[in-house]
Structure formats: C-alpha cells, structure tokens
>>> print(open('run_1.cif').read())   # mmCIF, C-alpha atoms
data_my_file
loop_
_atom_site.label_atom_id
_atom_site.label_comp_id
_atom_site.auth_asym_id
_atom_site.auth_seq_id
_atom_site.Cartn_x
_atom_site.Cartn_y
_atom_site.Cartn_z
CA ASN Y 1 2.05 -15.31 13.25
CA SER Y 2 4.68 -15.60 10.46
CA PHE Y 3 7.21 -15.37 13.28
CA TYR Y 4 10.53 -14.89 11.49
CA ALA Y 5 9.07 -12.53 8.90
CA THR Y 6 7.13 -10.47 11.47
CA VAL Y 7 10.21 -9.99 13.64
CA GLU Y 8 12.24 -8.95 10.60
CA CYS Y 9 9.63 -6.35 9.65
CA LEU Y 10 9.88 -4.87 13.17
CA TYR Y 11 13.58 -4.22 12.60
CA ARG Y 12 13.22 -3.14 8.97
CA PRO Y 13 10.76 -0.21 8.93
CA GLU Y 14 11.53 0.31 5.24
CA CYS Y 15 9.85 -3.07 4.60
CA GLN Y 16 6.54 -2.15 6.26
CA GLY Y 17 3.78 -2.57 3.71
CA LYS Y 18 5.95 -4.72 1.42
CA PRO Y 19 5.85 -8.48 0.81
CA LEU Y 20 8.78 -10.01 2.72
CA SER Y 21 10.14 -13.53 3.08
CA VAL Y 22 12.94 -14.92 5.21
CA CYS Y 23 14.93 -17.20 2.92
CA GLY Y 24 17.89 -19.54 3.03
CA ASP Y 25 20.99 -18.75 0.96
CA PRO Y 26 20.67 -19.97 -2.65
CA GLU Y 27 24.50 -20.13 -2.89
CA LYS Y 28 24.54 -22.72 -0.09
CA ARG Y 29 21.76 -24.83 -1.61
CA HIS Y 30 19.33 -23.76 1.05
CA GLY Y 31 17.48 -21.31 -1.15
CA ILE Y 32 13.97 -21.89 0.12
CA VAL Y 33 11.39 -19.71 1.83
CA LEU Y 34 11.42 -20.19 5.61
CA ALA Y 35 8.66 -17.72 6.51
CA SER Y 36 6.65 -14.95 4.85
CA ASN Y 37 4.54 -12.03 5.99
CA GLN Y 38 0.85 -11.82 5.14
CA LEU Y 39 1.44 -9.66 2.05
CA ALA Y 40 3.79 -12.23 0.53
CA LYS Y 41 1.34 -15.02 1.30
CA ARG Y 42 -1.39 -13.20 -0.61
CA PHE Y 43 0.78 -13.47 -3.71
CA GLY Y 44 1.03 -17.24 -3.24
CA VAL Y 45 4.45 -17.35 -1.59
CA LYS Y 46 4.61 -20.48 0.60
CA THR Y 47 7.02 -21.94 3.11
CA GLY Y 48 9.36 -24.44 1.45
CA MET Y 49 9.07 -22.82 -1.96
CA ALA Y 50 12.33 -22.18 -3.83
CA VAL Y 51 13.36 -18.53 -3.73
CA TRP Y 52 13.25 -18.23 -7.53
CA GLN Y 53 9.68 -19.59 -7.51
CA ALA Y 54 8.70 -17.14 -4.77
CA LYS Y 55 10.07 -14.20 -6.78
CA GLN Y 56 8.28 -15.48 -9.84
CA ALA Y 57 5.02 -15.47 -7.88
CA CYS Y 58 5.79 -12.09 -6.32
CA PRO Y 59 8.29 -9.97 -8.30
CA GLU Y 60 8.27 -7.28 -5.57
CA LEU Y 61 9.25 -9.77 -2.87
CA VAL Y 62 11.90 -8.62 -0.38
CA ALA Y 63 14.04 -11.65 0.50
CA VAL Y 64 16.12 -11.43 3.69
CA ALA Y 65 18.51 -13.86 5.36
CA PRO Y 66 17.48 -15.40 8.69
CA ASP Y 67 18.74 -14.03 12.00
CA PHE Y 68 18.20 -16.94 14.36
CA ALA Y 69 19.81 -15.18 17.33
CA LEU Y 70 17.14 -12.49 17.05
CA TYR Y 71 14.34 -15.03 16.74
CA LYS Y 72 15.61 -16.90 19.81
CA HIS Y 73 15.63 -13.61 21.74
CA PHE Y 74 11.97 -12.99 20.85
CA SER Y 75 11.13 -16.60 21.62
CA ARG Y 76 12.58 -16.15 25.10
CA MET Y 77 10.59 -12.95 25.64
CA LEU Y 78 7.41 -14.75 24.55
CA ARG Y 79 8.11 -17.57 26.96
CA ASP Y 80 8.72 -15.08 29.79
CA ILE Y 81 5.17 -13.79 29.25
CA TYR Y 82 3.73 -17.31 29.11
CA GLU Y 83 5.49 -18.32 32.33
CA GLU Y 84 3.67 -15.54 34.17
CA TYR Y 85 0.50 -17.58 33.57
CA SER Y 86 1.74 -21.13 34.14
CA ASP Y 87 4.79 -23.04 35.31
CA ARG Y 88 3.78 -25.78 32.85
CA VAL Y 89 4.95 -24.44 29.50
CA GLU Y 90 6.09 -26.77 26.72
CA SER Y 91 7.89 -25.40 23.66
CA PHE Y 92 7.07 -26.69 20.18
CA GLY Y 93 9.77 -25.12 18.03
CA LEU Y 94 10.84 -21.49 18.41
CA ASP Y 95 7.46 -19.93 17.77
CA GLU Y 96 4.90 -22.14 19.52
CA CYS Y 97 4.22 -23.24 23.09
CA TRP Y 98 1.58 -25.14 24.98
CA LEU Y 99 0.46 -23.66 28.30
CA ASP Y 100 -1.29 -25.87 30.81
CA LEU Y 101 -3.63 -23.61 32.77
CA SER Y 102 -5.82 -26.38 34.14
CA ASN Y 103 -6.60 -26.21 37.84
CA PRO Y 104 -9.67 -27.21 39.86
CA GLY Y 105 -12.51 -24.87 38.96
CA PHE Y 106 -10.71 -23.36 35.94
CA THR Y 107 -13.05 -23.46 32.93
CA ILE Y 108 -12.65 -23.27 29.16
CA GLU Y 109 -14.22 -19.80 29.38
CA ASP Y 110 -11.51 -18.78 31.86
CA GLY Y 111 -8.96 -20.11 29.40
CA GLU Y 112 -10.45 -18.01 26.60
CA ARG Y 113 -10.18 -14.86 28.73
CA LYS Y 114 -6.55 -15.62 29.55
CA ALA Y 115 -5.83 -16.32 25.88
CA HIS Y 116 -7.12 -12.88 24.87
CA GLU Y 117 -5.07 -11.30 27.65
CA ILE Y 118 -1.90 -13.04 26.44
CA ARG Y 119 -2.64 -12.17 22.82
CA GLN Y 120 -3.02 -8.48 23.69
CA ARG Y 121 0.09 -8.41 25.88
CA VAL Y 122 2.25 -9.92 23.14
CA LYS Y 123 1.01 -7.28 20.72
CA ASP Y 124 1.51 -4.40 23.16
CA GLU Y 125 4.83 -5.49 24.67
CA LEU Y 126 6.62 -7.17 21.75
CA GLY Y 127 4.95 -5.63 18.70
CA ILE Y 128 4.06 -8.97 17.10
CA THR Y 129 0.84 -10.99 16.95
CA VAL Y 130 -0.06 -14.50 18.06
CA SER Y 131 -2.97 -16.79 17.40
CA VAL Y 132 -4.12 -18.92 20.31
CA GLY Y 133 -6.07 -22.15 20.50
CA VAL Y 134 -7.95 -23.03 23.69
CA SER Y 135 -9.20 -26.52 24.47
CA ASP Y 136 -9.07 -29.33 27.02
CA ASN Y 137 -6.18 -31.14 25.28
CA LYS Y 138 -2.97 -30.30 23.45
CA ILE Y 139 -3.98 -31.60 20.01
CA PHE Y 140 -7.15 -29.52 19.80
CA ALA Y 141 -5.43 -26.45 21.27
CA LYS Y 142 -2.74 -26.68 18.58
CA LEU Y 143 -5.38 -27.19 15.89
CA GLY Y 144 -7.38 -24.22 17.17
CA SER Y 145 -4.33 -21.96 16.99
CA ASP Y 146 -4.08 -22.69 13.25
CA LEU Y 147 -7.76 -22.14 12.40
CA LYS Y 148 -7.87 -18.33 12.63
CA LYS Y 149 -4.92 -16.09 11.78
CA PRO Y 150 -3.55 -13.55 12.41
CA ASP Y 151 -4.09 -12.20 15.92
CA ALA Y 152 -6.99 -14.42 16.97
CA VAL Y 153 -8.29 -16.76 19.65
CA THR Y 154 -10.14 -19.95 18.71
CA VAL Y 155 -11.90 -22.14 21.27
CA VAL Y 156 -12.41 -25.84 20.57
CA HIS Y 157 -14.96 -26.63 23.26
CA PRO Y 158 -15.05 -30.20 24.60
CA ASP Y 159 -18.85 -30.20 24.34
CA HIS Y 160 -18.89 -29.14 20.66
CA PHE Y 161 -15.60 -30.31 19.17
CA ARG Y 162 -17.23 -32.60 16.60
CA GLU Y 163 -18.99 -29.71 14.89
CA THR Y 164 -15.74 -27.71 14.74
CA ILE Y 165 -13.13 -30.38 14.12
CA TRP Y 166 -14.60 -33.36 12.31
CA PRO Y 167 -15.37 -31.64 8.96
CA LEU Y 168 -11.73 -30.48 8.61
CA PRO Y 169 -9.25 -32.31 6.35
CA ALA Y 170 -7.29 -35.02 8.16
CA SER Y 171 -4.11 -33.21 7.11
CA GLU Y 172 -4.95 -30.42 9.61
CA LEU Y 173 -4.10 -32.74 12.50
CA LEU Y 174 -0.73 -32.64 14.21
CA TYR Y 175 1.57 -35.40 12.85
CA VAL Y 176 -0.59 -36.08 9.78
CA GLY Y 177 1.93 -35.02 7.15
CA PRO Y 178 1.80 -35.31 3.34
CA LYS Y 179 2.77 -39.02 3.25
CA THR Y 180 0.24 -40.05 5.87
CA THR Y 181 -2.40 -37.90 4.18
CA LYS Y 182 -1.87 -39.79 0.91
CA LYS Y 183 -2.14 -43.15 2.68
CA LEU Y 184 -5.35 -42.10 4.43
CA MET Y 185 -6.83 -40.83 1.17
CA ALA Y 186 -6.17 -44.24 -0.40
CA TYR Y 187 -8.48 -45.72 2.26
CA ASN Y 188 -11.08 -42.97 1.74
CA ILE Y 189 -10.24 -41.33 5.06
CA LEU Y 190 -10.44 -37.66 4.08
CA THR Y 191 -11.54 -35.75 7.16
CA ILE Y 192 -10.74 -35.77 10.87
CA GLY Y 193 -14.22 -37.20 11.41
CA ASP Y 194 -13.43 -40.07 9.03
CA LEU Y 195 -10.28 -40.73 11.01
CA ALA Y 196 -12.10 -40.55 14.36
CA ASN Y 197 -14.66 -43.09 13.17
CA ALA Y 198 -12.19 -45.49 11.52
CA PRO Y 199 -11.79 -48.79 13.40
CA SER Y 200 -8.54 -48.78 15.37
CA GLY Y 201 -7.71 -52.26 14.10
CA VAL Y 202 -7.85 -51.03 10.51
CA LEU Y 203 -5.61 -48.06 11.26
CA LYS Y 204 -3.07 -50.30 12.99
CA TYR Y 205 -3.15 -52.79 10.10
CA LYS Y 206 -2.77 -50.10 7.44
CA LEU Y 207 -0.36 -47.70 9.19
CA GLY Y 208 1.23 -49.67 12.02
CA LYS Y 209 1.61 -48.14 15.49
CA ASN Y 210 1.53 -44.66 13.94
CA GLY Y 211 -2.03 -45.36 12.85
CA LEU Y 212 -3.11 -45.75 16.46
CA MET Y 213 -1.20 -42.65 17.51
#
>>> encode(input="run_1.cif", output="structure tokens")
Amino acid sequence: NSFYATVECLYRPECQGKPLSVCGDPEKRHGIVLASNQLAKRFGVKTGMAVWQAKQACPELVAVAPDFALYKHFSRMLRDIYEEYSDRVESFGLDECWLDLSNPGFTIEDGERKAHEIRQRVKDELGITVSVGVSDNKIFAKLGSDLKKPDAVTVVHPDHFRETIWPLPASELLYVGPKTTKKLMAYNILTIGDLANAPSGVLKYKLGKNGLM
C-alpha cells in the first residue's frame, strides 16, 4: 500500500504521523507526485499531481525524492516471501505480483487463508502493509487487491463475481484507462457489467482488437 511512501516513512521516523509524498524533481521537469501515504491522500493529494498543486492541497506536505534502489530492495524481499508460496510468481511493476497457487484440490477458501498469512508476514517481517485480491483469474485478483485498502484481503469468488464486480465503474478494470473510459462512456458503457454484456462485435467495431481484449 502506497509502496514508495510507506518505505520512506520506515526510514524517516520523524515523518511518522505526517502527510508525505514521494515526488520527482521540479528542477528537472519531473515535479509530480509519484506516491503518497494515507495522510496525504486524505488531503486530496493524488499520484500524477504537480508538486505545487499537492502543496496547495496540503500545506504541511513533506515532499521527498525517490530512492529507487531502496524500493527495489524491498520489492526483492517481498518477492522472496511470495516465492515461498509458489514458484509461479509474475511481477507487475515494483510493488505488485500475481501468485498462482492453483493445484488440484486447492480452493478459493485455501487461497484466502494463504492471502491472510502473506499479508501478516509482510507486516511483521518488512514493516509495510499489502492488500491482496484472491480469485480464480488474474484480472479479478488484481481488481480485488484494489477494492479494500490498506492491509486487507478481498475475495472475488467465481460463484458470486457478478454481485461484486459488475456494479463497479468500467474504469476499475485493468487496461481500461482514461481514454478507453471516455470511449466506453460515449457508447453508454459505464460499468463492468455493461462491458460484460456488450456484444463482442460492437466492441470490436468501436474499439478494434483492444475492445475484444
């Protein structure tokens, strides 16, 4: 959760209890917010916001430069924990991974128990928190990990996914970015359920091969 900012707070005890953002260097034209802790987010500080806008939203904001070597070190330690549970681990950036735990007889409930175990180990051993999504496919697992934060486990069960997933905005789906969201809205496709029920021929006609994906 808030990976860069959380790691920075671990190494900056003087910043505990203060809003903190990891920011690019304004002098090098990269003066945007890369990550923020929960306190900064409560003031409306968002990733991608210009540093001056972030400080306008939160005058007490502590802005620190990124330390990517440190983040890579933590990313490696996280992956070491994950690889104790599966030899099928796929990274998605520095701060996210998919773990394939599926084996004959292994249930979603077993996955939920393992997810809580991993979540607690990361907190105890590394001092940071993770949110975990559990499902029978990568897209729903990723979506579940974003639904409850921080320090949470969310199960998207294959028997009940429509109740959980379909009411959500289409923009919550992996690969549905701002541009695709606008295109979908123009065709009155607002939710994931709308997208699921849209004829594939229409999606291909309107969005090309990306529509089918």
>>> closest_atom_pairs(input="run_1.cif", of="stretch 104-196 of chain Y", to="stretch 75-98 of chain Y", cutoff="12 Å", atoms="all atoms listed in the file", output="Markdown table")
| residue | atom | partner | partner_atom | distance |
| --- | --- | --- | --- | --- |
| Y:Gly111 | CA | Y:Tyr85 | CA | 10.6 |
| Y:Lys114 | CA | Y:Tyr85 | CA | 8.3 |
| Y:Ala115 | CA | Y:Tyr85 | CA | 10.0 |
| Y:Glu117 | CA | Y:Tyr85 | CA | 10.3 |
| Y:Ile118 | CA | Y:Tyr82 | CA | 7.6 |
| Y:Arg119 | CA | Y:Ile81 | CA | 10.2 |
| Y:Gln120 | CA | Y:Ile81 | CA | 11.2 |
| Y:Arg121 | CA | Y:Ile81 | CA | 8.1 |
| Y:Val122 | CA | Y:Leu78 | CA | 7.2 |
| Y:Lys123 | CA | Y:Leu78 | CA | 10.6 |
| Y:Asp124 | CA | Y:Ile81 | CA | 11.8 |
| Y:Glu125 | CA | Y:Met77 | CA | 9.5 |
| Y:Leu126 | CA | Y:Met77 | CA | 8.0 |
| Y:Gly127 | CA | Y:Leu78 | CA | 11.1 |
| Y:Ile128 | CA | Y:Leu78 | CA | 10.0 |
| Y:Thr129 | CA | Y:Leu78 | CA | 10.7 |
| Y:Val130 | CA | Y:Glu96 | CA | 9.2 |
| Y:Ser131 | CA | Y:Glu96 | CA | 9.7 |
| Y:Val132 | CA | Y:Glu96 | CA | 9.6 |
| Y:Gly133 | CA | Y:Trp98 | CA | 9.4 |
| Y:Val134 | CA | Y:Trp98 | CA | 9.8 |
| Y:Ser135 | CA | Y:Trp98 | CA | 10.9 |
| Y:Asp136 | CA | Y:Trp98 | CA | 11.6 |
| Y:Asn137 | CA | Y:Trp98 | CA | 9.8 |
| Y:Lys138 | CA | Y:Trp98 | CA | 7.0 |
| Y:Ile139 | CA | Y:Trp98 | CA | 9.9 |
| Y:Phe140 | CA | Y:Trp98 | CA | 11.1 |
| Y:Ala141 | CA | Y:Trp98 | CA | 8.0 |
| Y:Lys142 | CA | Y:Trp98 | CA | 7.9 |
| Y:Leu143 | CA | Y:Trp98 | CA | 11.6 |
| Y:Gly144 | CA | Y:Trp98 | CA | 11.9 |
| Y:Ser145 | CA | Y:Glu96 | CA | 9.6 |
| Y:Asp146 | CA | Y:Glu96 | CA | 11.0 |
| Y:Leu174 | CA | Y:Phe92 | CA | 11.5 |
>>> resolve_selection(input="run_1.cif", expression="the PyMOL selection byres ((chain Y and resi 202-213) around 12)", output="JSON, numbers by chain")
{"Y": [139, 173, 174, 175, 176, 177, 179, 180, 181, 182, 183, 184, 185, 186, 187, 189, 194, 195, 196, 197, 198, 199, 200, 201]}
>>> resolve_selection(input="run_1.cif", expression="the PyMOL selection byres ((chain Y and resi 33-40) around 8)", output="PDB file with C-alpha atoms, in the coordinates of the input")
ATOM      1  CA  SER Y   2       4.680 -15.600  10.460  1.00  0.00           C
ATOM      2  CA  PHE Y   3       7.210 -15.370  13.280  1.00  0.00           C
ATOM      3  CA  TYR Y   4      10.530 -14.890  11.490  1.00  0.00           C
ATOM      4  CA  ALA Y   5       9.070 -12.530   8.900  1.00  0.00           C
ATOM      5  CA  THR Y   6       7.130 -10.470  11.470  1.00  0.00           C
ATOM      6  CA  GLY Y  17       3.780  -2.570   3.710  1.00  0.00           C
ATOM      7  CA  LYS Y  18       5.950  -4.720   1.420  1.00  0.00           C
ATOM      8  CA  PRO Y  19       5.850  -8.480   0.810  1.00  0.00           C
ATOM      9  CA  LEU Y  20       8.780 -10.010   2.720  1.00  0.00           C
ATOM     10  CA  SER Y  21      10.140 -13.530   3.080  1.00  0.00           C
ATOM     11  CA  VAL Y  22      12.940 -14.920   5.210  1.00  0.00           C
ATOM     12  CA  CYS Y  23      14.930 -17.200   2.920  1.00  0.00           C
ATOM     13  CA  GLY Y  24      17.890 -19.540   3.030  1.00  0.00           C
ATOM     14  CA  GLY Y  31      17.480 -21.310  -1.150  1.00  0.00           C
ATOM     15  CA  ILE Y  32      13.970 -21.890   0.120  1.00  0.00           C
ATOM     16  CA  LYS Y  41       1.340 -15.020   1.300  1.00  0.00           C
ATOM     17  CA  ARG Y  42      -1.390 -13.200  -0.610  1.00  0.00           C
ATOM     18  CA  PHE Y  43       0.780 -13.470  -3.710  1.00  0.00           C
ATOM     19  CA  GLY Y  44       1.030 -17.240  -3.240  1.00  0.00           C
ATOM     20  CA  VAL Y  45       4.450 -17.350  -1.590  1.00  0.00           C
ATOM     21  CA  LYS Y  46       4.610 -20.480   0.600  1.00  0.00           C
ATOM     22  CA  THR Y  47       7.020 -21.940   3.110  1.00  0.00           C
ATOM     23  CA  GLY Y  48       9.360 -24.440   1.450  1.00  0.00           C
ATOM     24  CA  MET Y  49       9.070 -22.820  -1.960  1.00  0.00           C
ATOM     25  CA  ALA Y  50      12.330 -22.180  -3.830  1.00  0.00           C
ATOM     26  CA  VAL Y  51      13.360 -18.530  -3.730  1.00  0.00           C
ATOM     27  CA  ALA Y  54       8.700 -17.140  -4.770  1.00  0.00           C
ATOM     28  CA  CYS Y  58       5.790 -12.090  -6.320  1.00  0.00           C
ATOM     29  CA  LEU Y  61       9.250  -9.770  -2.870  1.00  0.00           C
TER      30      LEU Y  61
END
>>> axis_aligned_box(input="run_1.cif", around="stretch 136-148 of chain Y", padding_each_side="8 Å", output="lines of an AutoDock Vina configuration file")
center_x = -5.9
center_y = -25.0
center_z = 19.7
size_x = 22.3
size_y = 29.3
size_z = 30.6
>>> atom_distance(input="run_1.cif", atom1="atom CA of Y:Pro104", atom2="atom CA of Y:Glu163")
26.8 Å
>>> resolve_selection(input="run_1.cif", expression="the PyMOL selection byres ((chain Y and resi 157) around 8)", output="list in words")
Ile108, Val134, Ser135, Asp136, Val155, Val156, Pro158, Asp159, His160 and Phe161 of chain Y
>>> atom_distance(input="run_1.cif", atom1="atom CA of Y:Leu168", atom2="atom CA of Y:Gly193")
7.7 Å
>>> closest_residue(input="run_1.cif", among="Y:Asn103, Y:Glu109, Y:Leu147, Y:Pro59", to="Y:Ile165", atoms="all atoms listed in the file")
Y:Leu147
>>> atom_distance(input="run_1.cif", atom1="atom CA of Y:Asp67", atom2="atom CA of Y:Val7")
9.6 Å
>>> closest_residue(input="run_1.cif", among="Y:Glu8, Y:Ala57, Y:Glu14, Y:Gly105", to="Y:Ala69", atoms="all atoms listed in the file")
Y:Glu8
